[in-house]
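Asks: See start.txt below, with compact mmCIF, C-alpha atoms.
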```txt
# COMPACT_ATOMS: atom_id res chain seq x y z
CA MET A 89 54.06 -49.59 -13.45
CA LYS A 90 52.03 -46.53 -14.20
CA VAL A 91 48.88 -48.12 -12.77
CA GLU A 92 50.71 -49.11 -9.55
CA ASN A 93 52.08 -45.60 -9.06
CA GLU A 94 48.68 -44.06 -9.59
CA GLY A 95 47.18 -46.43 -7.05
CA ALA A 96 49.86 -45.64 -4.47
CA THR A 97 49.56 -41.88 -4.65
CA PRO A 98 46.21 -41.48 -2.84
CA GLU A 99 47.48 -43.63 0.05
CA VAL A 100 50.48 -41.35 0.54
CA HIS A 101 48.23 -38.29 0.53
CA VAL A 102 45.87 -39.87 3.06
CA ASN A 103 48.74 -40.67 5.43
CA ARG A 104 50.15 -37.18 5.08
CA GLY A 105 46.70 -35.73 5.68
CA ARG A 106 46.31 -37.70 8.89
CA LYS A 107 49.76 -36.65 10.09
CA ASN A 108 48.97 -33.01 9.33
CA ILE A 109 45.68 -33.20 11.26
CA LEU A 110 47.41 -34.74 14.30
CA LYS A 111 50.30 -32.28 14.05
CA TYR A 112 47.95 -29.33 14.47
CA LEU A 113 45.88 -30.67 17.37
CA GLY A 114 47.10 -29.67 20.77
CA PRO A 115 47.28 -26.17 22.31
CA ALA A 116 43.64 -25.12 21.90
CA PHE A 117 42.45 -28.55 23.04
CA ILE A 118 44.51 -28.08 26.21
CA THR A 119 42.94 -24.63 26.67
CA SER A 120 39.48 -26.08 26.04
CA ALA A 121 40.02 -28.91 28.54
CA LEU A 122 41.27 -26.66 31.33
CA VAL A 123 38.48 -24.08 30.87
CA LEU A 124 35.70 -26.71 30.89
CA GLY A 125 35.83 -27.79 34.53
CA PRO A 126 33.29 -29.05 37.07
CA GLY A 127 32.03 -25.50 37.62
CA SER A 128 31.18 -25.19 33.93
CA VAL A 129 29.42 -28.57 33.94
CA THR A 130 27.38 -27.59 37.02
CA LEU A 131 26.52 -24.16 35.63
CA SER A 132 25.40 -25.51 32.23
CA SER A 133 23.29 -28.13 34.03
CA LYS A 134 21.73 -25.50 36.30
CA ILE A 135 20.90 -23.12 33.44
CA GLY A 136 19.27 -25.93 31.45
CA ALA A 137 17.29 -27.10 34.49
CA ILE A 138 15.94 -23.60 35.22
CA HIS A 139 15.63 -21.94 31.82
CA GLY A 140 15.61 -24.87 29.39
CA THR A 141 17.24 -23.99 26.07
CA ASP A 142 16.48 -20.24 26.32
CA LEU A 143 20.13 -19.37 27.03
CA VAL A 144 21.82 -21.57 24.41
CA TRP A 145 22.73 -18.33 22.57
CA ALA A 146 24.78 -17.18 25.58
CA ILE A 147 27.12 -20.18 25.32
CA PHE A 148 27.97 -19.46 21.72
CA ALA A 149 28.33 -15.71 22.32
CA ALA A 150 30.87 -16.45 25.08
CA VAL A 151 32.65 -18.97 22.87
CA ILE A 152 32.97 -16.46 20.00
CA PHE A 153 34.79 -14.02 22.32
CA MET A 154 36.91 -16.86 23.70
CA MET A 155 37.81 -17.87 20.13
CA CYS A 156 38.79 -14.28 19.35
CA TYR A 157 41.21 -13.93 22.27
CA THR A 158 42.58 -17.47 21.95
CA GLU A 159 43.30 -16.86 18.26
CA MET A 160 44.99 -13.55 19.11
CA SER A 161 47.14 -15.30 21.72
CA THR A 162 48.00 -18.00 19.18
CA ARG A 163 49.36 -15.33 16.83
CA ILE A 164 51.26 -13.66 19.67
CA GLY A 165 52.88 -17.00 20.50
CA LEU A 166 53.87 -17.45 16.85
CA ALA A 167 55.19 -13.93 16.28
CA ALA A 168 56.88 -13.08 19.60
CA LYS A 169 60.44 -14.20 20.23
CA GLN A 170 59.72 -14.58 23.96
CA SER A 171 56.86 -15.35 26.34
CA PHE A 172 53.86 -13.04 26.71
CA ILE A 173 54.90 -11.88 30.18
CA ASN A 174 58.42 -11.11 28.94
CA VAL A 175 56.90 -9.13 26.07
CA MET A 176 54.98 -7.10 28.67
CA LEU A 177 58.17 -6.78 30.76
CA ASP A 178 59.90 -5.09 27.81
CA LYS A 179 56.83 -3.07 26.92
CA TRP A 180 55.49 -1.83 30.28
CA GLY A 181 58.06 -2.86 32.89
CA LYS A 182 58.62 -5.28 35.75
CA ILE A 183 55.64 -4.30 37.90
CA VAL A 184 53.21 -5.17 35.10
CA SER A 185 54.88 -8.53 34.37
CA ILE A 186 54.83 -9.46 38.08
CA LEU A 187 51.20 -8.33 38.37
CA ILE A 188 50.12 -10.56 35.46
CA GLY A 189 52.04 -13.57 36.83
CA ILE A 190 50.76 -13.25 40.40
CA GLY A 191 47.24 -12.43 39.21
CA ALA A 192 47.09 -15.55 37.01
CA PHE A 193 48.42 -17.65 39.90
CA LEU A 194 45.84 -16.30 42.37
CA VAL A 195 42.93 -16.78 39.97
CA THR A 196 43.87 -20.38 39.14
CA ALA A 197 44.80 -21.32 42.72
CA SER A 198 41.52 -19.93 44.05
CA PHE A 199 39.47 -22.15 41.72
CA GLN A 200 41.69 -25.23 42.02
CA ALA A 201 39.77 -26.63 45.00
CA GLY A 202 36.68 -27.03 42.82
CA ASN A 203 38.67 -29.09 40.31
CA SER A 204 39.96 -31.39 43.06
CA ILE A 205 36.48 -31.79 44.53
CA GLY A 206 34.96 -32.54 41.10
CA THR A 207 37.59 -35.23 40.48
CA GLY A 208 36.90 -36.81 43.87
CA ILE A 209 33.11 -36.75 43.41
CA ALA A 210 33.30 -38.35 39.95
CA MET A 211 35.67 -41.10 41.08
CA LYS A 212 33.56 -41.81 44.17
CA ALA A 213 30.45 -42.20 41.98
CA LEU A 214 32.32 -44.57 39.66
CA THR A 215 34.10 -46.68 42.31
CA GLY A 216 32.33 -46.20 45.65
CA VAL A 217 35.64 -45.24 47.31
CA HIS A 218 35.56 -42.03 49.41
CA SER A 219 36.26 -38.83 47.46
CA THR A 220 39.10 -37.77 49.80
CA VAL A 221 41.07 -40.86 48.84
CA TRP A 222 40.66 -40.02 45.17
CA ILE A 223 41.60 -36.37 45.66
CA ILE A 224 44.91 -37.53 47.16
CA VAL A 225 45.51 -40.28 44.57
CA MET A 226 44.67 -38.11 41.55
CA SER A 227 46.77 -35.21 42.86
CA ILE A 228 49.75 -37.53 43.31
CA LEU A 229 49.25 -38.84 39.76
CA ALA A 230 49.14 -35.25 38.44
CA ILE A 231 52.40 -34.39 40.21
CA ALA A 232 54.04 -37.61 38.96
CA LEU A 233 52.94 -36.72 35.42
CA LEU A 234 54.52 -33.28 35.81
CA PHE A 235 57.95 -34.80 36.52
CA THR A 236 57.94 -37.15 33.55
CA LYS A 237 60.18 -36.47 30.57
CA GLN A 238 58.50 -34.54 27.74
CA PHE A 239 55.72 -33.33 30.02
CA TYR A 240 54.18 -31.11 27.32
CA ALA A 241 53.87 -33.99 24.83
CA ILE A 242 52.18 -36.15 27.46
CA LEU A 243 49.97 -33.25 28.61
CA GLU A 244 48.85 -32.63 25.04
CA LYS A 245 47.87 -36.26 24.45
CA LEU A 246 46.19 -36.54 27.86
CA MET A 247 44.13 -33.39 27.37
CA LEU A 248 43.13 -34.37 23.85
CA GLY A 249 42.06 -37.76 25.22
CA LEU A 250 40.08 -36.20 28.08
CA VAL A 251 38.35 -33.79 25.68
CA LEU A 252 37.32 -36.74 23.51
CA VAL A 253 36.11 -38.61 26.63
CA MET A 254 34.01 -35.59 27.64
CA LEU A 255 32.66 -35.15 24.13
CA GLY A 256 31.80 -38.84 23.81
CA ALA A 257 30.19 -39.12 27.26
CA PHE A 258 28.02 -36.02 26.96
CA LEU A 259 27.14 -36.74 23.31
CA ILE A 260 25.92 -40.24 24.25
CA THR A 261 23.83 -38.71 27.04
CA PHE A 262 22.47 -36.10 24.60
CA ILE A 263 21.41 -38.77 22.10
CA ALA A 264 19.80 -40.85 24.86
CA VAL A 265 17.50 -38.05 26.07
CA LYS A 266 16.19 -37.28 22.53
CA PRO A 267 15.85 -33.50 22.95
CA SER A 268 13.44 -31.31 20.99
CA PHE A 269 15.32 -29.75 18.09
CA ALA A 270 12.64 -27.07 17.77
CA ASP A 271 13.44 -25.96 21.34
CA ILE A 272 17.16 -26.07 20.59
CA PHE A 273 16.87 -23.83 17.51
CA SER A 274 14.66 -21.37 19.39
CA GLY A 275 17.45 -21.08 21.99
CA PHE A 276 19.70 -19.39 19.43
CA ILE A 277 17.40 -16.35 19.44
CA PRO A 278 18.77 -14.06 22.20
CA THR A 279 16.33 -13.65 25.09
CA MET A 280 16.85 -12.81 28.74
CA PRO A 281 14.33 -14.74 30.90
CA SER A 282 13.37 -13.22 34.24
CA GLY A 283 16.04 -13.88 36.87
CA SER A 284 18.60 -15.16 34.38
CA ILE A 285 21.09 -12.25 34.37
CA GLY A 286 23.21 -13.72 37.19
CA LEU A 287 23.48 -17.08 35.42
CA VAL A 288 24.38 -15.43 32.10
CA ILE A 289 27.14 -13.45 33.82
CA ALA A 290 28.44 -16.64 35.47
CA LEU A 291 28.33 -18.46 32.11
CA PHE A 292 30.43 -15.77 30.43
CA ALA A 293 32.84 -15.75 33.37
CA THR A 294 33.45 -19.52 33.13
CA SER A 295 33.42 -19.95 29.34
CA PHE A 296 35.27 -16.74 28.41
CA SER A 297 38.52 -17.28 30.34
CA ILE A 298 41.14 -14.65 29.53
CA VAL A 299 43.76 -16.37 31.70
CA GLY A 300 43.16 -19.56 29.69
CA ALA A 301 43.25 -17.62 26.42
CA VAL A 302 46.54 -15.85 27.17
CA TYR A 303 48.19 -19.14 28.10
CA GLN A 304 47.55 -20.28 24.53
CA SER A 305 50.59 -18.18 23.52
CA TYR A 306 52.73 -20.23 25.92
CA LEU A 307 51.38 -23.53 24.62
CA VAL A 308 52.06 -22.53 21.01
CA GLN A 309 55.69 -21.75 21.89
CA GLU A 310 55.98 -24.95 23.94
CA LYS A 311 54.84 -26.92 20.90
CA GLY A 312 57.48 -25.22 18.77
CA TRP A 313 55.17 -23.66 16.18
CA THR A 314 56.43 -20.74 14.08
CA ILE A 315 54.94 -18.15 11.72
CA LYS A 316 54.80 -20.72 8.90
CA ASP A 317 52.24 -22.63 11.01
CA ALA A 318 49.96 -19.57 11.33
CA LYS A 319 47.07 -20.74 9.16
CA SER A 320 46.82 -24.26 10.58
CA SER A 321 47.31 -23.16 14.20
CA THR A 322 44.54 -20.56 13.81
CA ARG A 323 42.15 -23.26 12.57
CA GLU A 324 43.15 -25.46 15.52
CA SER A 325 42.44 -22.65 17.97
CA TYR A 326 38.94 -22.19 16.55
CA LEU A 327 38.22 -25.94 16.58
CA GLY A 328 39.42 -26.47 20.14
CA ILE A 329 37.35 -23.63 21.58
CA PHE A 330 34.30 -24.57 19.48
CA ILE A 331 34.38 -28.02 21.11
CA LEU A 332 34.46 -26.30 24.52
CA GLY A 333 31.20 -24.54 23.67
CA PHE A 334 29.67 -27.60 22.04
CA ILE A 335 30.18 -29.73 25.17
CA SER A 336 28.60 -27.01 27.35
CA PHE A 337 25.72 -26.90 24.84
CA LEU A 338 25.20 -30.68 25.09
CA ILE A 339 25.07 -30.54 28.90
CA MET A 340 22.62 -27.62 28.90
CA VAL A 341 20.27 -29.34 26.45
CA VAL A 342 20.37 -32.61 28.42
CA ALA A 343 19.44 -30.70 31.61
CA ALA A 344 16.68 -28.85 29.74
CA SER A 345 15.25 -32.13 28.46
CA VAL A 346 15.48 -34.16 31.69
CA LEU A 347 15.54 -31.84 34.70
CA LYS A 348 13.35 -28.88 33.71
CA PRO A 349 10.20 -30.97 33.11
CA GLN A 350 10.64 -32.47 36.61
CA GLY A 351 11.38 -29.12 38.26
CA ILE A 352 14.77 -30.37 39.50
CA VAL A 353 17.45 -27.70 40.07
CA VAL A 354 20.99 -29.03 40.42
CA ASN A 355 23.49 -27.55 42.89
CA ASP A 356 26.45 -29.66 41.80
CA ALA A 357 27.34 -31.81 38.81
CA SER A 358 26.93 -35.11 40.68
CA GLU A 359 23.21 -34.35 41.14
CA MET A 360 22.90 -34.04 37.38
CA GLY A 361 24.29 -37.55 36.94
CA ALA A 362 22.02 -38.97 39.64
CA SER A 363 18.97 -37.32 38.05
CA LEU A 364 19.49 -39.28 34.83
CA GLU A 365 19.30 -42.70 36.52
CA PRO A 366 15.50 -43.00 37.07
CA LEU A 367 14.84 -42.41 33.37
CA PHE A 368 17.78 -44.10 31.67
CA GLY A 369 19.23 -46.51 34.25
CA SER A 370 22.55 -46.63 36.08
CA TRP A 371 24.55 -46.61 32.83
CA ALA A 372 23.51 -42.98 32.22
CA THR A 373 24.96 -41.92 35.58
CA VAL A 374 28.19 -43.79 34.82
CA VAL A 375 28.55 -42.18 31.39
CA PHE A 376 27.84 -38.71 32.78
CA MET A 377 30.33 -39.22 35.62
CA ILE A 378 33.01 -40.27 33.15
CA GLY A 379 32.41 -36.95 31.40
CA LEU A 380 32.57 -35.10 34.73
CA LEU A 381 35.83 -36.89 35.57
CA GLY A 382 37.29 -35.76 32.24
CA ALA A 383 36.21 -32.18 32.89
CA SER A 384 37.49 -32.13 36.48
CA TYR A 385 40.82 -33.86 36.01
CA SER A 386 41.75 -31.97 32.84
CA SER A 387 41.06 -28.71 34.70
CA LEU A 388 42.98 -29.89 37.77
CA ILE A 389 46.13 -30.43 35.69
CA GLY A 390 45.66 -27.64 33.16
CA ASN A 391 44.61 -24.98 35.65
CA ALA A 392 47.66 -25.70 37.81
CA THR A 393 49.91 -25.59 34.74
CA ILE A 394 48.68 -22.10 33.85
CA GLY A 395 48.97 -20.72 37.37
CA GLY A 396 52.39 -22.19 38.09
CA SER A 397 53.91 -21.35 34.69
CA MET A 398 52.73 -17.75 34.65
CA LEU A 399 53.75 -17.15 38.28
CA ALA A 400 57.24 -18.44 37.56
CA ASP A 401 57.43 -16.34 34.40
CA GLY A 402 56.22 -13.22 36.19
CA LEU A 403 58.89 -13.66 38.87
CA GLY A 404 61.59 -14.07 36.23
CA PHE A 405 62.18 -17.83 36.59
CA GLY A 406 61.09 -18.70 33.03
CA SER A 407 58.00 -20.47 31.73
CA LYS A 408 59.16 -23.66 29.99
CA LEU A 409 57.48 -26.76 31.38
CA SER A 410 60.88 -28.48 31.55
CA ASN A 411 62.10 -25.83 34.04
CA ILE A 412 62.27 -27.25 37.59
CA LYS A 413 61.16 -23.95 39.16
CA VAL A 414 58.10 -23.92 36.91
CA LYS A 415 57.34 -27.51 37.91
CA PHE A 416 57.45 -26.66 41.63
CA ALA A 417 55.18 -23.64 41.10
CA ILE A 418 52.68 -25.95 39.35
CA VAL A 419 52.95 -28.43 42.24
CA GLY A 420 52.12 -25.54 44.59
CA VAL A 421 48.80 -24.93 42.81
CA ILE A 422 47.91 -28.64 42.80
CA LEU A 423 48.66 -29.03 46.52
CA PHE A 424 46.80 -25.83 47.41
CA GLY A 425 43.63 -27.04 45.70
CA SER A 426 43.87 -30.54 47.18
CA ILE A 427 44.44 -29.33 50.75
CA ILE A 428 41.54 -26.87 50.59
CA ALA A 429 39.29 -29.58 49.11
CA ILE A 430 40.19 -32.11 51.81
CA ILE A 431 39.92 -29.68 54.77
CA PHE A 432 36.74 -27.83 53.76
CA GLY A 433 35.04 -30.29 51.39
CA SER A 434 34.23 -27.33 49.12
CA ALA A 435 35.79 -24.03 48.20
CA PRO A 436 35.20 -21.66 51.19
CA VAL A 437 33.05 -18.61 50.50
CA ASN A 438 35.91 -16.28 51.46
CA LEU A 439 38.16 -17.96 48.88
CA ILE A 440 35.54 -17.58 46.15
CA VAL A 441 35.06 -13.90 47.04
CA PHE A 442 38.84 -13.41 47.01
CA ALA A 443 39.07 -15.05 43.58
CA GLN A 444 36.30 -12.79 42.26
CA ALA A 445 38.04 -9.72 43.70
CA VAL A 446 41.30 -10.68 41.94
CA THR A 447 39.41 -11.36 38.72
CA ILE A 448 37.83 -7.90 38.80
CA PHE A 449 41.17 -6.23 38.31
CA ILE A 450 43.44 -8.71 36.57
CA VAL A 451 41.20 -10.19 33.85
CA PRO A 452 40.27 -6.96 31.98
CA PHE A 453 43.89 -5.81 32.35
CA ILE A 454 45.22 -8.99 30.71
CA ALA A 455 42.67 -8.57 27.90
CA ILE A 456 43.94 -5.03 27.31
CA CYS A 457 47.53 -6.35 27.25
CA ILE A 458 46.59 -8.98 24.64
CA LEU A 459 44.93 -6.35 22.45
CA VAL A 460 47.91 -3.97 22.75
CA VAL A 461 50.47 -6.66 21.87
CA ALA A 462 48.36 -8.05 19.01
CA ASN A 463 48.26 -4.55 17.48
CA ASP A 464 52.00 -3.91 17.84
CA GLY A 465 53.46 -4.12 14.32
CA LYS A 466 57.06 -4.43 15.61
CA ILE A 467 56.19 -7.59 17.56
CA MET A 468 53.52 -9.09 15.32
CA GLY A 469 54.70 -8.21 11.82
CA THR A 470 52.31 -9.71 9.27
CA LEU A 471 50.34 -11.38 12.10
CA LYS A 472 49.18 -8.03 13.48
CA ASN A 473 45.45 -7.73 14.26
CA LYS A 474 43.06 -7.02 11.43
CA LEU A 475 39.86 -4.96 11.77
CA THR A 476 37.64 -7.98 12.53
CA SER A 477 39.89 -9.19 15.37
CA ASN A 478 39.95 -5.70 16.88
CA LEU A 479 36.18 -5.34 16.60
CA PHE A 480 35.47 -8.63 18.40
CA GLY A 481 38.36 -7.98 20.79
CA ILE A 482 36.92 -4.63 21.88
CA LEU A 483 33.41 -6.12 22.23
CA GLY A 484 34.91 -8.91 24.35
CA LEU A 485 36.75 -6.37 26.49
CA LEU A 486 33.49 -4.49 27.08
CA VAL A 487 31.88 -7.75 28.21
CA LEU A 488 34.78 -8.35 30.64
CA LEU A 489 34.50 -4.80 32.00
CA TYR A 490 30.77 -5.36 32.53
CA LEU A 491 31.49 -8.62 34.39
CA ALA A 492 34.11 -6.82 36.48
CA PHE A 493 31.65 -4.03 37.32
CA ASN A 494 29.03 -6.58 38.43
CA ASN A 495 31.57 -8.42 40.59
CA PHE A 496 32.72 -5.13 42.13
CA LYS A 497 29.12 -4.17 42.88
CA ASN A 498 28.32 -7.57 44.43
CA ILE A 499 31.47 -7.72 46.57
CA PHE A 500 31.97 -4.15 47.70
CA LEU A 501 28.62 -2.38 47.32
CA SER A 502 26.01 -4.98 48.32
```
Rewrite the structure of this file - the entire thing - as C-alpha cells.
Replies:
Amino acid sequence: MKVENEGATPEVHVNRGRKNILKYLGPAFITSALVLGPGSVTLSSKIGAIHGTDLVWAIFAAVIFMMCYTEMSTRIGLAAKQSFINVMLDKWGKIVSILIGIGAFLVTASFQAGNSIGTGIAMKALTGVHSTVWIIVMSILAIALLFTKQFYAILEKLMLGLVLVMLGAFLITFIAVKPSFADIFSGFIPTMPSGSIGLVIALFATSFSIVGAVYQSYLVQEKGWTIKDAKSSTRESYLGIFILGFISFLIMVVAASVLKPQGIVVNDASEMGASLEPLFGSWATVVFMIGLLGASYSSLIGNATIGGSMLADGLGFGSKLSNIKVKFAIVGVILFGSIIAIIFGSAPVNLIVFAQAVTIFIVPFIAICILVVANDGKIMGTLKNKLTSNLFGILGLLVLLYLAFNNFKNIFLS
C-alpha cells in the first residue's frame, strides 16, 4: 500500500500543477492579443526590412514599459473594490471618468478599421474570396460571440488560442529563414540608425499601449481574481506581455533576414507574406497569413471590447461584459471599424490624424491616473507600488510624454 500511495502522489501534483497553470492564463494574454494587431505586424516587418536587427532593442524596451503598466493595472484590479474608471470617479470626479471612457473609445474606434482590413486581407490570401466578404462575415461572428453566454470565458480561450496560433506561425517562419544569431545579439545594443527615429516612435506607440494596459484591471476583475492571487497574476501579466514582444521580435528578424538583403520595403503585412513565397514556397505565405489572421482578428475583438467597455463605464452604465449596454457599446466599435474598412478600403488619413490627436492628450493622462491609483495606500493596501514600479512607471510616462510631444509637433506645427 505504501508503494502505491507513493506512486500516486506525483500524478496528483502534476494534475494540480497543470490546473494552476491554466487557471492563471488569461487577462494578460487577452491584452497581448489585442495590442498585437496588423499595424504591429506591418511595422515590425517594415523596421526589419529597412534596418535589419538594429532596432531589436526598441521592441524589448517598449515591452518592459508595457509590462510595468500592465502589472500595475493587474494590482489595481486585485485591490480595488470597483472598476478603474469608478475609482477615478471617486478620486477626481465625473468629468475625469467620462474623459477616460470617451478617450479610450475614440482611440480604439479610430484604429478598428485597420483590424477589420487586416482580417479581410488575411482571409482573402488564405481562401481567394474578396476581403469585403470576410470583413462582413468575421464582424458578424465577433458580434455573435459577444452575445453568447459566459462571453469572458470564451474570449479568454479564443485569445489564448489566437496568441498560440500567432506564436506558432511566426516561430515556424523564423526557423525556416535561419537568421544570423550574431546579428540578432548585436541588435540588443541600443543604436539609432539614420532615419529610424520615426519608426522607433511608432514602435513604442503600438507596443506600449496604455489603453490596453489599463484594461488589464477590468479583465482581472472579470476573471474574479482577488488579492490572494496577486503573485500568480503578476507572473501571468509578465508572461503575456513578454510573448507580445517576442512575436514582434520574430517578425522583425524574419523581415531582416528575407527582405533587407533584397531591398524590399513592405507597406502592409500582406506584402511580407508574399515576399516569403519565392524563397520558401507557397506554404510560407500561408503560415504567415495564418499569423496575420490571428493578430488581426484578436485585435478586432479585443480592441472593440476595450473601447465599448470603457465608454459604457465612463458614462455610468457599468463595465461587466454580461451587461447589455456594454455589449451594444462593443458592437458600436465593431460596426464602426467594419463600415470604415468597407467604404474606404483603408483607414482615412483624417481618421488616423484624429486618433493621434486624441492619443496626445488621453494616453499620458491615463498613465498618470494609473500611477496615482497604484500609489494610493487606501486603495491598494499591501499592493501599493514599490520603488522599482515607480521608477519604471515614471520612465514610461516620460516616454509617453515624448511621443505625445512628437505627435503634437507633427499634427499642429508641421
Asks: Tell me which of A:Gly402, A:Ile205, A:Val419, A:Trp222 sits closest to Val184 (chain A), counting only C-alpha atoms.
Replies: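 Closest to Val184 (chain A), using only C-alpha atoms: A:Gly402.
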Asks: Go ahead and compute the interatomic distance for CA of Leu409 (chain A) and CA of Phe449 (chain A), in Å to one decimal.
Replies: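 Taking CA of Leu409 (chain A) as the start and CA of Phe449 (chain A) as the end point, the length is 27.1 Å.
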Asks: Have a look at A:Ala290, A:Met155, A:Val375, A:Leu491 and name the one nearest to Val253 (chain A); count all atoms listed in the file.
Replies: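 Using all atoms listed in the file, Val253 (chain A) sits closest to A:Val375.
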Asks: Tell me, as a list in words, which residues lie within 10 Å of Ile482 (chain A), counting only C-alpha atoms; anything in the same chain fewer than 5 positions away does not count.
Replies: Phe153, Ala455, Ile456, Leu459, Thr476, Ser477, Val487 and Leu488 of chain A
Asks: Now that the selection is made, can you save its residues with C-alpha atoms as an mmCIF file, keeping the file's coordinate frame?
Replies:
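As written to disk, out.cif reads:
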```
data_model
loop_
_atom_site.group_PDB
_atom_site.id
_atom_site.type_symbol
_atom_site.label_atom_id
_atom_site.label_comp_id
_atom_site.auth_asym_id
_atom_site.auth_seq_id
_atom_site.Cartn_x
_atom_site.Cartn_y
_atom_site.Cartn_z
ATOM 1 C CA PHE A 153 34.790 -14.020 22.320
ATOM 2 C CA ALA A 455 42.670 -8.570 27.900
ATOM 3 C CA ILE A 456 43.940 -5.030 27.310
ATOM 4 C CA LEU A 459 44.930 -6.350 22.450
ATOM 5 C CA THR A 476 37.640 -7.980 12.530
ATOM 6 C CA SER A 477 39.890 -9.190 15.370
ATOM 7 C CA VAL A 487 31.880 -7.750 28.210
ATOM 8 C CA LEU A 488 34.780 -8.350 30.640
#
```
Asks: What does the structure give for the distance between CA of Val460 (chain A) and CA of Gly312 (chain A), in Å to one decimal?
Replies: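 So the two atoms, CA of Val460 (chain A) and CA of Gly312 (chain A), lie 23.6 Å apart.
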Asks: Measuring atom to atom with all atoms listed in the file, identify which of A:Ile173, A:Ala429, A:Ile378, A:Ile418 is nearest to Ile260 (chain A).
Replies: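 For Ile260 (chain A), the nearest of the candidates is A:Ile378.
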Asks: Quick one: residues within 9 Å of Ser384 (chain A), all atoms listed in the file counted, chain neighbours fewer than 2 positions away excluded, as a CSV table (one decimal) with C-alpha atoms, in the coordinates of the input?
Replies:
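Done, and the output landed in selection-v1.csv:
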```
chain,number,residue,atom,x,y,z
A,121,ALA,CA,40.0,-28.9,28.5
A,122,LEU,CA,41.3,-26.7,31.3
A,124,LEU,CA,35.7,-26.7,30.9
A,125,GLY,CA,35.8,-27.8,34.5
A,126,PRO,CA,33.3,-29.0,37.1
A,127,GLY,CA,32.0,-25.5,37.6
A,202,GLY,CA,36.7,-27.0,42.8
A,203,ASN,CA,38.7,-29.1,40.3
A,204,SER,CA,40.0,-31.4,43.1
A,205,ILE,CA,36.5,-31.8,44.5
A,206,GLY,CA,35.0,-32.5,41.1
A,207,THR,CA,37.6,-35.2,40.5
A,208,GLY,CA,36.9,-36.8,43.9
A,210,ALA,CA,33.3,-38.4,40.0
A,379,GLY,CA,32.4,-37.0,31.4
A,380,LEU,CA,32.6,-35.1,34.7
A,381,LEU,CA,35.8,-36.9,35.6
A,382,GLY,CA,37.3,-35.8,32.2
A,386,SER,CA,41.8,-32.0,32.8
A,387,SER,CA,41.1,-28.7,34.7
A,388,LEU,CA,43.0,-29.9,37.8
A,389,ILE,CA,46.1,-30.4,35.7
```
Asks: Between CA of Leu485 (chain A) and CA of Lys497 (chain A), what is the spacing in Å?
Replies: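 We find that CA of Lys497 (chain A) and CA of Leu485 (chain A) lie 18.2 Å from each other.
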Asks: Using all atoms listed in the file, which of the listed residues (A:Ala149, A:Ala264, A:Ile315, A:Val251) sits closest to Met468 (chain A)?
Replies: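 That would be A:Ile315, the residue with the smallest distance to Met468 (chain A).
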Asks: With all atoms listed in the file as the atoms that count, which of A:Asn473, A:Thr119, A:Ser132, A:Thr314 lies nearest to Ala343 (chain A)?
Replies: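 Among the listed residues, A:Ser132 lies closest to Ala343 (chain A).
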Asks: Have a look at A:Val144, A:Ala301, A:Met176, A:Ile135 and name the one nearest to Phe273 (chain A); count all atoms listed in the file.
Replies: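 Comparing A:Val144, A:Ala301, A:Met176, A:Ile135 against Phe273 (chain A), the winner is A:Val144.
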Asks: May I have the residues within 8 Å of Ile277 (chain A) as a ChimeraX atom specification, using only C-alpha atoms and disregarding those fewer than 2 positions away in the same chain?
Replies: /A:142,145,273-275,279
Asks: Can you tell me, as a ChimeraX atom specification, what residues are no more than 8 Å from region 234-248 of chain A when counting all atoms listed in the file, ignoring any on the same chain fewer than 6 positions away?
Replies: /A:113-115,117-118,121,310-311,386,409-410,415
Asks: Deliver the residues from the most recent selection as a file, using C-alpha atoms, as a PDB file, in the coordinates of the input.
Replies:
```pdb
ATOM      1  CA  LEU A 113      45.880 -30.670  17.370  1.00  0.00           C
ATOM      2  CA  GLY A 114      47.100 -29.670  20.770  1.00  0.00           C
ATOM      3  CA  PRO A 115      47.280 -26.170  22.310  1.00  0.00           C
ATOM      4  CA  PHE A 117      42.450 -28.550  23.040  1.00  0.00           C
ATOM      5  CA  ILE A 118      44.510 -28.080  26.210  1.00  0.00           C
ATOM      6  CA  ALA A 121      40.020 -28.910  28.540  1.00  0.00           C
ATOM      7  CA  GLU A 310      55.980 -24.950  23.940  1.00  0.00           C
ATOM      8  CA  LYS A 311      54.840 -26.920  20.900  1.00  0.00           C
ATOM      9  CA  SER A 386      41.750 -31.970  32.840  1.00  0.00           C
ATOM     10  CA  LEU A 409      57.480 -26.760  31.380  1.00  0.00           C
ATOM     11  CA  SER A 410      60.880 -28.480  31.550  1.00  0.00           C
ATOM     12  CA  LYS A 415      57.340 -27.510  37.910  1.00  0.00           C
TER      13      LYS A 415
END
```
Asks: Tell me which residues come within 12 Å of (39.7, -8.2, 27.8), as an NGL selection string, counting only C-alpha atoms in the file's coordinates.
Replies: :A and (153-154 or 156-158 or 160-161 or 293 or 296-299 or 301-302 or 447-460 or 478 or 480-492)
